[in-house]
$ cat my_file_4.pdb   # PDB, C-alpha atoms
ATOM      1  CA  MET A   1     -13.796   1.981 -44.881
ATOM      2  CA  ALA A   2     -15.205   3.807 -41.836
ATOM      3  CA  GLN A   3     -12.290   2.558 -39.722
ATOM      4  CA  THR A   4      -9.823   3.933 -42.285
ATOM      5  CA  ILE A   5     -11.572   7.326 -42.292
ATOM      6  CA  ALA A   6     -11.362   7.525 -38.479
ATOM      7  CA  VAL A   7      -7.640   6.666 -38.531
ATOM      8  CA  GLU A   8      -6.933   9.265 -41.230
ATOM      9  CA  ILE A   9      -8.741  11.973 -39.227
ATOM     10  CA  ALA A  10      -6.591  11.140 -36.183
ATOM     11  CA  ASN A  11      -3.392  11.261 -38.254
ATOM     12  CA  ALA A  12      -4.424  14.574 -39.832
ATOM     13  CA  THR A  13      -5.090  16.053 -36.374
ATOM     14  CA  PHE A  14      -1.660  14.954 -35.145
ATOM     15  CA  ALA A  15      -0.052  16.560 -38.211
ATOM     16  CA  ALA A  16      -1.978  19.839 -37.912
ATOM     17  CA  ARG A  17      -1.618  20.305 -34.166
ATOM     18  CA  ASP A  18       0.583  23.229 -33.053
ATOM     19  CA  THR A  19       3.020  21.998 -30.392
ATOM     20  CA  GLY A  20       3.462  25.548 -29.114
ATOM     21  CA  LEU A  21      -0.205  25.624 -28.127
ATOM     22  CA  TRP A  22      -0.965  21.981 -27.316
ATOM     23  CA  GLY A  23       2.463  20.796 -26.189
ATOM     24  CA  GLN A  24       4.510  17.888 -27.446
ATOM     25  CA  GLY A  25       2.668  14.810 -28.655
ATOM     26  CA  SER A  26       1.901  12.235 -25.980
ATOM     27  CA  THR A  27       2.960   8.592 -26.101
ATOM     28  CA  ALA A  28       0.147   7.436 -23.815
ATOM     29  CA  VAL A  29      -3.575   6.907 -24.279
ATOM     30  CA  ALA A  30      -6.425   6.606 -21.800
ATOM     31  CA  SER A  31      -8.953   3.839 -22.305
ATOM     32  CA  ASP A  32     -12.447   3.359 -20.932
ATOM     33  CA  SER A  33     -15.813   2.009 -22.002
ATOM     34  CA  THR A  34     -19.171   3.683 -22.633
ATOM     35  CA  HIS A  35     -22.446   1.812 -22.194
ATOM     36  CA  PHE A  36     -25.068   2.188 -24.927
ATOM     37  CA  ARG A  37     -28.554   0.767 -24.647
ATOM     38  CA  ALA A  38     -29.475  -1.546 -27.519
ATOM     39  CA  TRP A  39     -32.424  -3.673 -28.590
ATOM     40  CA  ASP A  40     -32.605  -6.857 -26.561
ATOM     41  CA  GLN A  41     -33.262  -9.123 -29.566
ATOM     42  CA  ASN A  42     -29.742  -8.423 -30.800
ATOM     43  CA  LEU A  43     -27.541 -11.392 -29.813
ATOM     44  CA  PHE A  44     -24.742  -8.886 -29.143
ATOM     45  CA  THR A  45     -26.783  -7.222 -26.384
ATOM     46  CA  GLU A  46     -26.290  -8.211 -22.738
ATOM     47  CA  CYS A  47     -27.212  -6.883 -19.323
ATOM     48  CA  SER A  48     -24.289  -4.996 -17.837
ATOM     49  CA  ARG A  49     -23.027  -3.602 -14.551
ATOM     50  CA  TYR A  50     -24.093  -0.151 -15.764
ATOM     51  CA  GLY A  51     -27.720  -1.244 -15.527
ATOM     52  CA  GLY A  52     -30.015  -2.419 -18.291
ATOM     53  CA  ARG A  53     -29.322  -4.171 -21.555
ATOM     54  CA  GLY A  54     -26.844  -2.871 -24.077
ATOM     55  CA  ILE A  55     -23.332  -2.974 -25.481
ATOM     56  CA  LEU A  56     -20.010  -1.384 -24.588
ATOM     57  CA  VAL A  57     -17.882   0.812 -26.808
ATOM     58  CA  TYR A  58     -14.272   0.808 -25.635
ATOM     59  CA  TRP A  59     -12.314   3.965 -26.478
ATOM     60  CA  HIS A  60      -8.613   4.764 -26.614
ATOM     61  CA  VAL A  61      -8.190   8.550 -26.404
ATOM     62  CA  GLU A  62      -4.913  10.456 -26.456
ATOM     63  CA  ARG A  63      -4.396  13.222 -23.892
ATOM     64  CA  GLY A  64      -5.090  15.844 -26.552
ATOM     65  CA  SER A  65      -8.602  14.363 -27.005
ATOM     66  CA  VAL A  66      -7.723  12.520 -30.235
ATOM     67  CA  VAL A  67      -9.372   9.086 -30.437
ATOM     68  CA  VAL A  68      -6.974   6.489 -31.851
ATOM     69  CA  HIS A  69      -9.070   3.328 -31.528
ATOM     70  CA  SER A  70     -12.556   2.069 -30.699
ATOM     71  CA  GLN A  71     -14.086  -1.372 -30.258
ATOM     72  CA  THR A  72     -17.648  -2.620 -29.923
ATOM     73  CA  LEU A  73     -17.861  -5.191 -27.128
ATOM     74  CA  LYS A  74     -20.358  -7.344 -25.348
ATOM     75  CA  ALA A  75     -20.998  -6.186 -21.790
ATOM     76  CA  SER A  76     -19.297  -9.338 -20.473
ATOM     77  CA  ALA A  77     -16.171  -8.967 -22.629
ATOM     78  CA  SER A  78     -12.763  -8.504 -21.025
ATOM     79  CA  GLU A  79     -11.858  -4.826 -20.908
ATOM     80  CA  VAL A  80      -8.236  -5.802 -20.233
ATOM     81  CA  ALA A  81      -8.156  -7.641 -23.572
ATOM     82  CA  ALA A  82      -9.769  -4.636 -25.288
ATOM     83  CA  MET A  83      -7.152  -2.337 -23.752
ATOM     84  CA  VAL A  84      -4.294  -4.496 -25.081
ATOM     85  CA  GLU A  85      -5.878  -4.749 -28.546
ATOM     86  CA  GLY A  86      -6.265  -0.985 -28.860
ATOM     87  CA  ALA A  87      -2.797  -0.180 -27.535
ATOM     88  CA  ILE A  88      -0.960  -2.376 -30.052
ATOM     89  CA  ARG A  89      -3.358  -2.293 -33.039
ATOM     90  CA  HIS A  90      -4.708   1.266 -33.223
ATOM     91  CA  GLY A  91      -3.343   1.869 -36.730
ATOM     92  CA  THR A  92      -2.518   5.581 -36.327
ATOM     93  CA  THR A  93       0.887   7.262 -36.526
ATOM     94  CA  MET A  94       0.971   7.603 -32.741
ATOM     95  CA  LYS A  95       3.479   5.417 -30.904
ATOM     96  CA  VAL A  96       1.655   4.134 -27.825
ATOM     97  CA  GLU A  97       4.045   3.426 -24.955
ATOM     98  CA  GLY A  98       1.653   3.811 -22.018
ATOM     99  CA  ASN A  99      -2.024   3.193 -21.277
ATOM    100  CA  TYR A 100      -4.057   4.856 -18.513
ATOM    101  CA  VAL A 101      -6.905   2.691 -17.235
ATOM    102  CA  ASP A 102      -9.361   2.694 -14.357
ATOM    103  CA  SER A 103      -9.305   0.026 -11.647
ATOM    104  CA  HIS A 104     -10.922  -2.572 -13.941
ATOM    105  CA  GLY A 105      -7.776  -2.621 -16.082
ATOM    106  CA  GLU A 106      -5.214  -3.519 -13.449
ATOM    107  CA  PRO A 107      -5.445  -7.274 -12.764
ATOM    108  CA  GLU A 108      -2.179  -9.200 -12.720
ATOM    109  CA  PRO A 109      -2.599 -10.871 -16.163
ATOM    110  CA  GLY A 110      -3.006  -7.419 -17.711
ATOM    111  CA  PHE A 111       0.260  -6.291 -16.169
ATOM    112  CA  GLY A 112       1.952  -9.475 -17.402
ATOM    113  CA  VAL A 113       0.820  -9.169 -21.016
ATOM    114  CA  THR A 114       1.517  -5.419 -21.286
ATOM    115  CA  ARG A 115       4.986  -5.915 -19.790
ATOM    116  CA  LEU A 116       5.799  -8.473 -22.480
ATOM    117  CA  LEU A 117       4.361  -6.215 -25.205
ATOM    118  CA  ASN A 118       6.424  -3.251 -23.942
ATOM    119  CA  VAL A 119       3.389  -1.124 -23.027
ATOM    120  CA  ASP A 120       3.452   0.664 -19.666
ATOM    121  CA  LEU A 121       0.143  -0.115 -17.917
ATOM    122  CA  LEU A 122      -0.823   2.905 -15.782
ATOM    123  CA  PRO A 123      -3.983   2.235 -13.752
ATOM    124  CA  ARG A 124      -5.779   4.395 -11.217
ATOM    125  CA  ILE A 125      -6.105   2.068  -8.221
ATOM    126  CA  LYS A 126      -9.022   3.138  -6.046
ATOM    127  CA  GLN A 127      -8.455   0.826  -3.066
ATOM    128  CA  ILE A 128      -4.687   1.026  -3.070
ATOM    129  CA  ASN A 129      -4.618   0.546   0.698
ATOM    130  CA  ARG A 130      -5.660  -3.084   0.109
ATOM    131  CA  VAL A 131      -3.040  -3.879  -2.513
ATOM    132  CA  LYS A 132      -0.511  -6.538  -1.565
ATOM    133  CA  LEU A 133       3.116  -6.147  -2.649
ATOM    134  CA  HIS A 134       5.177  -9.174  -3.581
ATOM    135  CA  GLN A 135       8.688  -9.521  -2.238
ATOM    136  CA  ALA A 136      11.499  -9.713  -4.765
ATOM    137  CA  ASP A 137      13.210 -12.370  -2.653
ATOM    138  CA  TYR A 138      13.035 -14.055   0.721
ATOM    139  CA  GLY A 139      14.161 -11.720   3.494
ATOM    140  CA  ASP A 140      12.621  -8.569   2.066
ATOM    141  CA  LEU A 141      10.300  -8.295   5.064
ATOM    142  CA  ALA A 142      13.334  -7.636   7.237
ATOM    143  CA  ARG A 143      14.858  -5.189   4.738
ATOM    144  CA  TYR A 144      11.694  -3.115   4.272
ATOM    145  CA  ALA A 145      10.136  -2.699   7.696
ATOM    146  CA  ASN A 146       7.676   0.097   6.850
ATOM    147  CA  PRO A 147       5.669  -1.709   4.105
ATOM    148  CA  ALA A 148       5.995  -5.108   5.816
ATOM    149  CA  SER A 149       2.251  -5.298   6.572
ATOM    150  CA  ALA A 150       1.444  -4.825   2.858
ATOM    151  CA  MET A 151       3.942  -7.427   1.637
ATOM    152  CA  THR A 152       3.196 -11.041   0.828
ATOM    153  CA  ARG A 153       5.175 -13.969  -0.583
ATOM    154  CA  PRO A 154       8.162 -13.498  -2.934
ATOM    155  CA  ILE A 155       7.866 -13.653  -6.717
ATOM    156  CA  ARG A 156       8.485 -17.205  -7.938
ATOM    157  CA  TRP A 157      11.253 -16.442 -10.403
ATOM    158  CA  ASP A 158      11.886 -20.142 -10.996
ATOM    159  CA  ILE A 159       8.387 -20.539 -12.506
ATOM    160  CA  ILE A 160       9.069 -17.632 -14.883
ATOM    161  CA  ALA A 161      12.463 -19.052 -15.870
ATOM    162  CA  LYS A 162      11.012 -22.462 -16.710
ATOM    163  CA  SER A 163       8.293 -21.095 -19.008
ATOM    164  CA  ASP A 164       9.762 -17.877 -20.370
ATOM    165  CA  ASP A 165       9.838 -19.242 -23.935
ATOM    166  CA  GLN A 166       6.147 -20.120 -23.781
ATOM    167  CA  VAL A 167       4.980 -16.745 -22.449
ATOM    168  CA  VAL A 168       7.035 -14.957 -25.104
ATOM    169  CA  LYS A 169       5.280 -17.114 -27.725
ATOM    170  CA  TYR A 170       1.895 -16.074 -26.288
ATOM    171  CA  ALA A 171       2.890 -12.388 -26.463
ATOM    172  CA  THR A 172       4.127 -12.837 -30.032
ATOM    173  CA  ALA A 173       0.837 -14.528 -30.970
ATOM    174  CA  ILE A 174      -1.043 -11.466 -29.678
ATOM    175  CA  ARG A 175       1.193  -9.030 -31.546
ATOM    176  CA  THR A 176       1.001 -10.955 -34.835
ATOM    177  CA  ARG A 177      -2.746 -11.696 -34.494
ATOM    178  CA  THR A 178      -2.160 -15.434 -34.507
ATOM    179  CA  ALA A 179      -4.457 -15.572 -31.467
ATOM    180  CA  SER A 180      -6.826 -13.021 -29.952
ATOM    181  CA  THR A 181      -5.881 -11.278 -26.730
ATOM    182  CA  GLU A 182      -9.190 -12.255 -25.118
ATOM    183  CA  ALA A 183      -8.695 -15.958 -25.921
ATOM    184  CA  ILE A 184      -5.257 -15.953 -24.296
ATOM    185  CA  LEU A 185      -6.151 -13.837 -21.271
ATOM    186  CA  SER A 186      -9.198 -15.999 -20.532
ATOM    187  CA  ARG A 187      -6.749 -18.793 -19.746
ATOM    188  CA  PHE A 188      -4.648 -16.738 -17.328
ATOM    189  CA  THR A 189      -6.586 -17.177 -14.102
ATOM    190  CA  PRO A 190      -5.276 -17.688 -10.561
ATOM    191  CA  THR A 191      -6.524 -21.299 -10.625
ATOM    192  CA  ALA A 192      -4.928 -22.228 -13.965
ATOM    193  CA  SER A 193      -2.397 -25.021 -13.497
ATOM    194  CA  HIS A 194      -0.451 -24.830 -16.771
ATOM    195  CA  PRO A 195       3.161 -23.626 -16.103
ATOM    196  CA  ALA A 196       2.943 -20.954 -18.817
ATOM    197  CA  TYR A 197      -0.215 -19.506 -17.224
ATOM    198  CA  GLN A 198       1.448 -19.434 -13.821
ATOM    199  CA  ALA A 199       4.547 -17.784 -15.283
ATOM    200  CA  MET A 200       2.413 -15.047 -16.853
ATOM    201  CA  LEU A 201       0.718 -14.409 -13.515
ATOM    202  CA  GLU A 202       4.099 -14.160 -11.764
ATOM    203  CA  ILE A 203       5.313 -11.640 -14.362
ATOM    204  CA  GLY A 204       2.122  -9.656 -13.755
ATOM    205  CA  ARG A 205       2.617  -9.720  -9.990
ATOM    206  CA  ALA A 206       6.177  -8.439 -10.330
ATOM    207  CA  ALA A 207       5.121  -5.670 -12.753
ATOM    208  CA  ARG A 208       2.161  -4.684 -10.565
ATOM    209  CA  THR A 209       4.326  -4.453  -7.435
ATOM    210  CA  THR A 210       6.830  -2.269  -9.285
ATOM    211  CA  PHE A 211       4.054   0.000 -10.553
ATOM    212  CA  VAL A 212       2.449   0.423  -7.113
ATOM    213  CA  ALA A 213       5.817   1.460  -5.679
ATOM    214  CA  ARG A 214       6.220   4.031  -8.484
ATOM    215  CA  TYR A 215       2.645   5.252  -8.047
ATOM    216  CA  LEU A 216       2.979   5.823  -4.293
ATOM    217  CA  TYR A 217       6.327   7.572  -4.627
ATOM    218  CA  ASP A 218       5.671   9.800  -7.644
ATOM    219  CA  ARG A 219       2.989  12.488  -7.250
ATOM    220  CA  ASP A 220       3.522  13.630 -10.841
ATOM    221  CA  LEU A 221       2.657  10.133 -12.074
ATOM    222  CA  GLN A 222      -0.556  10.178 -10.024
ATOM    223  CA  ARG A 223      -1.544  13.516 -11.564
ATOM    224  CA  GLU A 224      -0.631  12.317 -15.070
ATOM    225  CA  ILE A 225      -2.876   9.252 -14.757
ATOM    226  CA  GLU A 226      -5.746  11.319 -13.326
ATOM    227  CA  GLU A 227      -5.483  13.902 -16.115
ATOM    228  CA  GLY A 228      -5.418  11.199 -18.790
ATOM    229  CA  LEU A 229      -8.505   9.483 -17.403
ATOM    230  CA  ASN A 230     -10.318  12.819 -17.118
ATOM    231  CA  VAL A 231      -9.889  13.216 -20.882
ATOM    232  CA  VAL A 232     -11.482   9.851 -21.723
ATOM    233  CA  GLU A 233     -14.311  10.503 -19.246
ATOM    234  CA  ALA A 234     -14.984  13.830 -20.984
ATOM    235  CA  TRP A 235     -15.051  11.860 -24.245
ATOM    236  CA  ASN A 236     -17.670   9.540 -22.751
ATOM    237  CA  ARG A 237     -19.826  12.496 -21.730
ATOM    238  CA  ALA A 238     -19.627  13.875 -25.279
ATOM    239  CA  ASP A 239     -21.011  10.554 -26.577
ATOM    240  CA  SER A 240     -24.416  11.288 -25.077
ATOM    241  CA  VAL A 241     -24.463  14.781 -26.613
ATOM    242  CA  ILE A 242     -23.777  13.533 -30.154
ATOM    243  CA  CYS A 243     -25.508  10.124 -30.085
ATOM    244  CA  TYR A 244     -28.818  11.427 -28.713
ATOM    245  CA  GLY A 245     -31.366   9.940 -31.138
ATOM    246  CA  ARG A 246     -33.971   7.601 -29.561
ATOM    247  CA  GLY A 247     -32.606   8.432 -26.136
ATOM    248  CA  GLY A 248     -29.141   7.200 -27.091
ATOM    249  CA  GLU A 249     -30.411   3.676 -27.779
ATOM    250  CA  ILE A 250     -28.944   1.821 -30.760
ATOM    251  CA  SER A 251     -32.104   0.780 -32.540
ATOM    252  CA  THR A 252     -31.100  -2.212 -34.627
ATOM    253  CA  ASN A 253     -30.776  -5.951 -34.171
ATOM    254  CA  ARG A 254     -27.932  -6.348 -36.669
ATOM    255  CA  ARG A 255     -24.410  -6.502 -35.316
ATOM    256  CA  ASP A 256     -22.864  -4.879 -38.409
ATOM    257  CA  GLU A 257     -25.214  -1.903 -38.027
ATOM    258  CA  VAL A 258     -24.340  -1.611 -34.332
ATOM    259  CA  GLU A 259     -20.653  -1.464 -35.233
ATOM    260  CA  MET A 260     -21.297   1.048 -38.027
ATOM    261  CA  THR A 261     -23.207   3.287 -35.598
ATOM    262  CA  THR A 262     -20.274   3.356 -33.185
ATOM    263  CA  LEU A 263     -17.773   3.973 -35.980
ATOM    264  CA  CYS A 264     -19.864   6.900 -37.256
ATOM    265  CA  LEU A 265     -19.970   8.293 -33.715
ATOM    266  CA  ARG A 266     -16.185   7.995 -33.557
ATOM    267  CA  ILE A 267     -15.800   9.812 -36.895
ATOM    268  CA  LEU A 268     -18.131  12.616 -35.799
ATOM    269  CA  GLN A 269     -16.334  13.194 -32.512
ATOM    270  CA  ALA A 270     -12.899  12.945 -34.135
ATOM    271  CA  SER A 271     -13.999  15.527 -36.716
ATOM    272  CA  LEU A 272     -15.315  17.793 -33.958
ATOM    273  CA  VAL A 273     -11.939  17.644 -32.199
ATOM    274  CA  MET A 274     -10.025  18.378 -35.413
ATOM    275  CA  VAL A 275     -12.217  21.371 -36.308
ATOM    276  CA  ASN A 276     -11.881  22.766 -32.792
ATOM    277  CA  VAL A 277      -8.097  22.324 -32.875
ATOM    278  CA  LEU A 278      -7.887  24.300 -36.129
ATOM    279  CA  MET A 279     -10.282  26.998 -34.865
ATOM    280  CA  PHE A 280      -8.342  27.454 -31.616
ATOM    281  CA  GLN A 281      -5.074  27.730 -33.514
ATOM    282  CA  ASP A 282      -6.538  30.244 -35.951
ATOM    283  CA  VAL A 283      -7.891  32.486 -33.183
ATOM    284  CA  LEU A 284      -4.825  32.236 -30.941
ATOM    285  CA  ALA A 285      -2.483  32.995 -33.837
ATOM    286  CA  ASP A 286      -3.554  36.613 -33.176
ATOM    287  CA  PRO A 287      -1.106  37.978 -30.530
ATOM    288  CA  GLU A 288      -3.906  40.050 -28.970
ATOM    289  CA  TRP A 289      -5.943  36.939 -28.139
ATOM    290  CA  SER A 290      -2.942  34.791 -27.313
ATOM    291  CA  ALA A 291      -1.698  37.340 -24.759
ATOM    292  CA  LEU A 292      -4.951  37.039 -22.819
ATOM    293  CA  LEU A 293      -4.298  33.398 -21.911
ATOM    294  CA  THR A 294      -2.558  32.759 -18.608
ATOM    295  CA  PRO A 295      -0.638  29.497 -17.950
ATOM    296  CA  VAL A 296      -3.711  28.241 -16.052
ATOM    297  CA  ASP A 297      -5.905  28.979 -19.087
ATOM    298  CA  ARG A 298      -3.544  27.085 -21.366
ATOM    299  CA  ARG A 299      -3.610  24.042 -19.095
ATOM    300  CA  GLY A 300      -7.405  24.034 -19.273
ATOM    301  CA  LEU A 301      -7.520  24.375 -23.061
ATOM    302  CA  THR A 302      -9.290  21.410 -24.676
ATOM    303  CA  PRO A 303     -10.647  20.769 -28.166
ATOM    304  CA  LEU A 304     -13.398  18.610 -26.689
ATOM    305  CA  PHE A 305     -16.001  20.856 -25.087
TER     306      PHE A 305
END
$ encode --input "my_file_4.pdb" --output "C-alpha cells"
Amino acid sequence: MAQTIAVEIANATFAARDTGLWGQGSTAVASDSTHFRAWDQNLFTECSRYGGRGILVYWHVERGSVVVHSQTLKASASEVAAMVEGAIRHGTTMKVEGNYVDSHGEPEPGFGVTRLLNVDLLPRIKQINRVKLHQADYGDLARYANPASAMTRPIRWDIIAKSDDQVVKYATAIRTRTASTEAILSRFTPTASHPAYQAMLEIGRAARTTFVARYLYDRDLQREIEEGLNVVEAWNRADSVICYGRGGEISTNRRDEVEMTTLCLRILQASLVMVNVLMFQDVLADPEWSALLTPVDRRGLTPLF
C-alpha cells in the first residue's frame, strides 16, 4: 500500500509539472544510497563502509527531484543490482532510458546487463585516468596512436557469439522477474569460467569502452551526469532533515518496520517535492514575479530545498 501511494505521488507530480517552468520531462534517473543507523540486533543490520552499523536505502531520483523508486538493502548488497532493479521496475509513468550512478555503479557486469536491458548506464568515473580501453579488433593500437597507452586487449567477440542466446535469457529472466538481478550478477565475476558469464563480461567491456570514449569527448554529457548526481545527493541530505528522530537511527529490530520507515520517508519527501512544485508554479504564474527570474535563476530552481 505504501509503495502504491509513493508511485501515485510521483505520477501526480509528473502530470502537474509545468514544462514551461521545469523543462521537458527527463528520461534518466540518478541513483545513490543513503546510510541509516539501525539497531544491531536486527538481522538486516550490517557494518558498512560509511562507518557503524546500519542499512542502506537506495534511491532513484529524476532530475526534477521526483523519486521514482526506493529499496532497503543490507550494507553488503550489490548497488549495481539495486540500480538495475529500480531502473526497470520503478512502476511510475516515467520511461527510464538512462541511469546516472557514482563510481560504484560502473563495473563491467553492470554495463553488460544494462546494455542488454536497453538502459544507458551513465557513471561518474572518478579515476578515469586509470581506465583501460578495450580494442575493437587486433591492430587498433596502430590505428589509434594517441590512446595507445590506455588500450588493452581486443574484445573477444567470438565468446559473445557463442553464448549470445544464454545472456539474452539471463536478461529476460531479470526483466520478467524469473530471477533476481543480484542472484545473476553475483555469478558474473572476472574469475567465473562459465561461457555465458564470460560473454556477459565481454559485452560489459565493450559497452564500458564505448561509454568512456563518449564521456571524454562530450563535455555536455559530463555536465549532465554531474547535474543528475547533484540532485540525488541533495535528496540524501534532505533525508537527515526529515528523518531526524533518535538521531536518525531506525529504532526497531523488525525488518518489515525498517522497510515501512523508509517507505514513509519516501512518501514524505515526495509529498514535499509535489507541494513545492505546485507552490512555485502558483507564484510564478504572476508575470511580475516571473519577470524577476533570470535564466541563471531558472537553472537553479529546485523543488527540493
$ closest_residue --input "my_file_4.pdb" --among "A:Thr210, A:Ser240, A:Thr114, A:Ser251" --to "Ala81 of chain A" --atoms "only C-alpha atoms"
A:Thr114
$ resolve_selection --input "my_file_4.pdb" --expression "the PyMOL selection byres ((chain A and resi 108) around 8)" --output "list in words"
Glu106, Pro107, Pro109, Gly110, Phe111, Gly112, Leu201, Gly204, Arg205 and Arg208 of chain A
$ resolve_selection --input "my_file_4.pdb" --expression "the PyMOL selection byres ((chain A and resi 35) around 6)" --output "MDAnalysis selection string"
chainID A and resid 34 36 55:56
$ residues_around --input "my_file_4.pdb" --residues "Ile88 of chain A" --least-positions-apart "3" --cutoff "12 Å" --atoms "only C-alpha atoms" --output "PyMOL selection string"
chain A and resi 28-29+60+68-69+81-85+91-99+113-114+116-120+171-172+174-177+181
$ resolve_selection --input "my_file_4.pdb" --expression "the PyMOL selection byres ((chain A and resi 71) around 6)" --output "PyMOL selection string"
chain A and resi 57-58+70+72
$ atom_distance --input "my_file_4.pdb" --atom1 "atom CA of Arg299 of chain A" --atom2 "atom CA of Leu284 of chain A"
14.5 Å
$ residues_near_point --input "my_file_4.pdb" --point "(-25.3, -3.1, -29.3)" --cutoff "7 Å" --atoms "only C-alpha atoms" --output "PyMOL selection string"
chain A and resi 36-38+44-45+54-55+250+255+258
$ closest_residue --input "my_file_4.pdb" --among "A:Tyr138, A:Ser149, A:Val168, A:Arg214" --to "Leu121 of chain A" --atoms "only C-alpha atoms"
A:Arg214
$ closest_residue --input "my_file_4.pdb" --among "A:Leu272, A:Val296, A:Ala179, A:Ile267" --to "Met1 of chain A" --atoms "only C-alpha atoms"
A:Ile267
$ closest_residue --input "my_file_4.pdb" --among "A:Met274, A:Ala207, A:Ala30, A:Val283" --to "Asn11 of chain A" --atoms "all atoms listed in the file"
A:Met274
$ atom_distance --input "my_file_4.pdb" --atom1 "atom CA of Thr13 of chain A" --atom2 "atom CA of Gly64 of chain A"
9.8 Å
$ closest_residue --input "my_file_4.pdb" --among "A:Ala183, A:Val67, A:Phe211, A:Ile128" --to "Leu263 of chain A" --atoms "all atoms listed in the file"
A:Val67
$ closest_residue --input "my_file_4.pdb" --among "A:Ser163, A:Lys169, A:Leu216, A:Leu229" --to "Pro147 of chain A" --atoms "only C-alpha atoms"
A:Leu216
$ atom_distance --input "my_file_4.pdb" --atom1 "atom CA of Asp282 of chain A" --atom2 "atom CA of Val231 of chain A"
23.0 Å
$ decode --input "my_file_4.pdb" --residues "segment 274-280 of chain A" --atoms "all heavy atoms" --output "PDB file, in the first residue's frame"
ATOM      1  N   MET A 274       6.202  17.610  -4.364  1.00  0.00           N
ATOM      2  CA  MET A 274       4.975  17.942  -5.105  1.00  0.00           C
ATOM      3  C   MET A 274       4.379  19.266  -4.637  1.00  0.00           C
ATOM      4  O   MET A 274       3.978  20.107  -5.458  1.00  0.00           O
ATOM      5  CB  MET A 274       3.955  16.820  -4.945  1.00  0.00           C
ATOM      6  CG  MET A 274       2.705  17.050  -5.767  1.00  0.00           C
ATOM      7  SD  MET A 274       1.548  15.678  -5.706  1.00  0.00           S
ATOM      8  CE  MET A 274       0.281  16.281  -6.840  1.00  0.00           C
ATOM      9  N   VAL A 275       4.325  19.472  -3.324  1.00  0.00           N
ATOM     10  CA  VAL A 275       3.777  20.733  -2.795  1.00  0.00           C
ATOM     11  C   VAL A 275       4.621  21.912  -3.257  1.00  0.00           C
ATOM     12  O   VAL A 275       4.096  22.961  -3.673  1.00  0.00           O
ATOM     13  CB  VAL A 275       3.700  20.678  -1.253  1.00  0.00           C
ATOM     14  CG1 VAL A 275       3.398  22.055  -0.683  1.00  0.00           C
ATOM     15  CG2 VAL A 275       2.632  19.686  -0.810  1.00  0.00           C
ATOM     16  N   ASN A 276       5.942  21.754  -3.223  1.00  0.00           N
ATOM     17  CA  ASN A 276       6.812  22.849  -3.652  1.00  0.00           C
ATOM     18  C   ASN A 276       6.667  23.141  -5.145  1.00  0.00           C
ATOM     19  O   ASN A 276       6.731  24.295  -5.566  1.00  0.00           O
ATOM     20  CB  ASN A 276       8.268  22.521  -3.313  1.00  0.00           C
ATOM     21  CG  ASN A 276       8.574  22.691  -1.840  1.00  0.00           C
ATOM     22  OD1 ASN A 276       7.818  23.332  -1.116  1.00  0.00           O
ATOM     23  ND2 ASN A 276       9.669  22.111  -1.391  1.00  0.00           N
ATOM     24  N   VAL A 277       6.503  22.088  -5.946  1.00  0.00           N
ATOM     25  CA  VAL A 277       6.272  22.285  -7.381  1.00  0.00           C
ATOM     26  C   VAL A 277       5.022  23.127  -7.606  1.00  0.00           C
ATOM     27  O   VAL A 277       5.022  24.100  -8.370  1.00  0.00           O
ATOM     28  CB  VAL A 277       6.146  20.920  -8.103  1.00  0.00           C
ATOM     29  CG1 VAL A 277       5.527  21.099  -9.498  1.00  0.00           C
ATOM     30  CG2 VAL A 277       7.498  20.257  -8.236  1.00  0.00           C
ATOM     31  N   LEU A 278       3.927  22.771  -6.926  1.00  0.00           N
ATOM     32  CA  LEU A 278       2.669  23.498  -7.094  1.00  0.00           C
ATOM     33  C   LEU A 278       2.773  24.934  -6.576  1.00  0.00           C
ATOM     34  O   LEU A 278       2.225  25.874  -7.184  1.00  0.00           O
ATOM     35  CB  LEU A 278       1.546  22.753  -6.379  1.00  0.00           C
ATOM     36  CG  LEU A 278       1.238  21.345  -6.930  1.00  0.00           C
ATOM     37  CD1 LEU A 278       0.202  20.657  -6.058  1.00  0.00           C
ATOM     38  CD2 LEU A 278       0.775  21.415  -8.373  1.00  0.00           C
ATOM     39  N   MET A 279       3.487  25.128  -5.459  1.00  0.00           N
ATOM     40  CA  MET A 279       3.648  26.479  -4.909  1.00  0.00           C
ATOM     41  C   MET A 279       4.469  27.358  -5.849  1.00  0.00           C
ATOM     42  O   MET A 279       4.120  28.519  -6.094  1.00  0.00           O
ATOM     43  CB  MET A 279       4.315  26.404  -3.529  1.00  0.00           C
ATOM     44  CG  MET A 279       3.416  25.868  -2.440  1.00  0.00           C
ATOM     45  SD  MET A 279       4.288  25.677  -0.862  1.00  0.00           S
ATOM     46  CE  MET A 279       4.777  27.359  -0.524  1.00  0.00           C
ATOM     47  N   PHE A 280       5.573  26.816  -6.361  1.00  0.00           N
ATOM     48  CA  PHE A 280       6.395  27.571  -7.314  1.00  0.00           C
ATOM     49  C   PHE A 280       5.558  27.984  -8.517  1.00  0.00           C
ATOM     50  O   PHE A 280       5.606  29.132  -8.971  1.00  0.00           O
ATOM     51  CB  PHE A 280       7.575  26.721  -7.793  1.00  0.00           C
ATOM     52  CG  PHE A 280       8.820  26.885  -6.972  1.00  0.00           C
ATOM     53  CD1 PHE A 280       9.470  25.783  -6.448  1.00  0.00           C
ATOM     54  CD2 PHE A 280       9.377  28.136  -6.756  1.00  0.00           C
ATOM     55  CE1 PHE A 280      10.629  25.922  -5.707  1.00  0.00           C
ATOM     56  CE2 PHE A 280      10.539  28.291  -6.019  1.00  0.00           C
ATOM     57  CZ  PHE A 280      11.160  27.178  -5.490  1.00  0.00           C
TER      58      PHE A 280
END
